[in-house]
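Q: Shown below is the structure under consideration.
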Amino acid sequence: MRLSRLRLSRLRLFIAAVVSVAAAVTAGPVLSIAHAAAPGCRVTYSVPSQWQQGFTASVNITNLGDPLSSWTLTWSFGAGQSVTQAWNATVTQSGSQVTARNLSYNGSLATNASTTFGFNGSWNGSSNPAPAGFALNGTTCTGGTTGPSPSQSPSTGPSPSASPSTSPSTGPNSMGFIGCSMAENVAQGYRAVGGQRMWGPYGTGGLVVQSWTDTNSSAWQRFDQQSARFGRPNTVWIQICVFNANANYNEVRQMIANARQHAAPGARIIISGQPLYDQGQTCSLAGANGPALTDSLARQAAADSTQNVTYPGVFRLRPNEVSDGCHANTAGQQSLGRQALGYWG
């Protein structure tokens with residue numbers, strides 16, 4: 001009898017302990033199924049310009065997966081096309097297989113971030129189809145993500161919704177520019193190869209950085225005359241131009257501020273330097289280090305989060321594309337124009 005009472009007492013204690021543990025588990029954090037970021041990408045391939053046996057292509061990559069510190073994009077050409085010149089990426093080709101790798105300044109891609117590179121190529125004159133598919137760091141780009149395995153993690157509440165993004169209109173003459181005769185060279189070539197979005201030349205020869213730092217200068221009066229003709233542009237390309245390597249970053253910041261003042265509200269600002277030349281070639285007007293200085297200042301502005309400007313990449317001129325040691329000849333203008341088409345369409 002005593003043994004039975006002892007067993008009954010122990011049984012009651014055991015049941016109470018089980019109930020207590022069950023209550024503690026019920027009151028604990030609720031687990032939900034959370035998904036880690038999955039690999040995925042989207043690629044937009046376009047050919048803004050094509051001529052007999054030559055073409056310019058623009059490739060936009062959007063990373064839909066985890067942030068990347070570097071990227072490699074691969075694809076195959078199906079009709080014998082060949083890459084002859086590239087910008088904003090190092091592009092190599094073996095047979096029909098093409099590989100594009102990031103440069104030092106555009107390797108980092110956050111989730112949903114994009115980057116664009118371009119290239120000139122050759123084709124057979126009868127067929128120039130777009131590549132059938134692309135792969136980013138080995139992942140086939142389908143415009144979505146591949147599903148990861150779910151993992152358990154404590155629920156932390158709803159995720160914030162993404163803000164919608166809008167792009168400026170790309171209609172004819174919706175994009176203005178400032179710069180010097182080098183910018184005129186780009187504009188001349190851009191129009192010659194069929195570009196319509198950016199203004200044509202409007203007499204900016206000799207207008208270096210210091211010409212654009214005073215918002216009431218005659219240079220900006222010329223810009224405003226173009227705006228009166230076409231409407232205030234929703235995008236402005238700033239080309240940094242110098243005489244004898246004479247410019248500083250404060251002057252560039254003032255140019256950017258003035259561009260925002262003279263353009264449409266909320267206008268996108270694109271900034272780059274003068275064209276760069278092959279090693280050993282010097283533009284006497286800009287100075288030995290002038291073109292490199294302008295490119296460095298443009299990169300500095302793009303890296304400055306307070307400026308909110310875009311650096312598209314380097315414009316380049318080859319020795320046979322230069323007429324006087326500095327300016328582009330007809331072939332050089334068209335080359336610059338095709339590069340501009342690749343950068344902004």
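By convention in this document, the chains of the structure tokens carry letters A, B, ... by their order, each chain's residues are numbered from 1, and ligands are numbered from 1 in the order they are shown.
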As JSON, numbers by chain, please: the residues near Ser58 in chain A (cut-off 10 Å, only C-alpha atoms, same-chain neighbours under 3 positions excluded).
A: {"A": [44, 45, 46, 47, 48, 49, 86, 87, 116, 117, 118, 119, 120, 339, 341, 342, 343, 344, 345]}
Q: From a DSSP calculation on the backbone, collect every residue of range 191-320 of chain A in strand (DSSP E or B) and output the set as a ChimeraX atom specification.
A: /A:198,235-240,268-273,276-277,310,316-317
Q: Need to verify the contact set: Asn112 in chain A, 10 Å, only C-alpha atoms, exclusion of same-chain residues closer than 2 positions in sequence. Can you return it as a PDB file with C-alpha atoms, in the first residue's frame?
A:
ATOM      1  CA  GLY A  40      19.493  34.401 -60.489  1.00  0.00           C
ATOM      2  CA  CYS A  41      20.038  37.040 -63.144  1.00  0.00           C
ATOM      3  CA  ARG A  42      18.470  38.907 -66.016  1.00  0.00           C
ATOM      4  CA  ILE A  61      23.108  42.621 -66.362  1.00  0.00           C
ATOM      5  CA  THR A  62      20.779  42.571 -63.344  1.00  0.00           C
ATOM      6  CA  ASN A  63      21.813  40.442 -60.374  1.00  0.00           C
ATOM      7  CA  LEU A  64      18.719  38.851 -58.813  1.00  0.00           C
ATOM      8  CA  GLY A  65      20.587  36.754 -56.260  1.00  0.00           C
ATOM      9  CA  ASP A  66      23.080  37.252 -53.448  1.00  0.00           C
ATOM     10  CA  PRO A  67      25.383  40.311 -53.688  1.00  0.00           C
ATOM     11  CA  LEU A 109      26.580  43.991 -57.738  1.00  0.00           C
ATOM     12  CA  ALA A 110      24.092  44.125 -54.893  1.00  0.00           C
ATOM     13  CA  SER A 114      22.510  46.381 -62.603  1.00  0.00           C
TER      14      SER A 114
END
Q: Fewer than 5 positions away in the same chain doesn't count, so skip those; otherwise give me all residues within 7 Å of range 282-286 of chain A, counting only C-alpha atoms, as a list in words.
A: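 So, after excluding close chain neighbours, the residues are Val242, Phe243, Asn244, Ala245, Pro291, Gly325 and Cys326 of chain A.
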Q: Would you mind exporting N, CA and C atoms of the selected residues as an mmCIF file, in the first residue's frame?
A:
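Saved result, result25.cif, follows:
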data_model
loop_
_atom_site.group_PDB
_atom_site.id
_atom_site.type_symbol
_atom_site.label_atom_id
_atom_site.label_comp_id
_atom_site.auth_asym_id
_atom_site.auth_seq_id
_atom_site.Cartn_x
_atom_site.Cartn_y
_atom_site.Cartn_z
ATOM 1 N N VAL A 242 39.571 69.607 -70.136
ATOM 2 C CA VAL A 242 40.586 70.459 -69.514
ATOM 3 C C VAL A 242 41.569 70.984 -70.550
ATOM 4 N N PHE A 243 42.163 72.122 -70.223
ATOM 5 C CA PHE A 243 43.363 72.610 -70.891
ATOM 6 C C PHE A 243 44.529 72.398 -69.931
ATOM 7 N N ASN A 244 45.587 71.789 -70.402
ATOM 8 C CA ASN A 244 46.811 71.622 -69.606
ATOM 9 C C ASN A 244 46.548 70.991 -68.239
ATOM 10 N N ALA A 245 45.678 69.987 -68.212
ATOM 11 C CA ALA A 245 45.401 69.218 -66.989
ATOM 12 C C ALA A 245 45.005 70.118 -65.825
ATOM 13 N N PRO A 291 43.758 63.793 -70.094
ATOM 14 C CA PRO A 291 42.655 62.835 -70.245
ATOM 15 C C PRO A 291 42.508 61.901 -69.047
ATOM 16 N N GLY A 325 46.155 64.880 -83.192
ATOM 17 C CA GLY A 325 46.740 64.524 -81.910
ATOM 18 C C GLY A 325 45.747 64.581 -80.774
ATOM 19 N N CYS A 326 44.584 65.211 -80.997
ATOM 20 C CA CYS A 326 43.568 65.348 -79.950
ATOM 21 C C CYS A 326 42.181 64.946 -80.436
#
Q: Record the distance separating CA of Ser70 in chain A and CA of Gln300 in chain A, expressed in Å with one decimal.
A: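 If I compute the distance from CA of Ser70 in chain A to CA of Gln300 in chain A, I get 20.3 Å.
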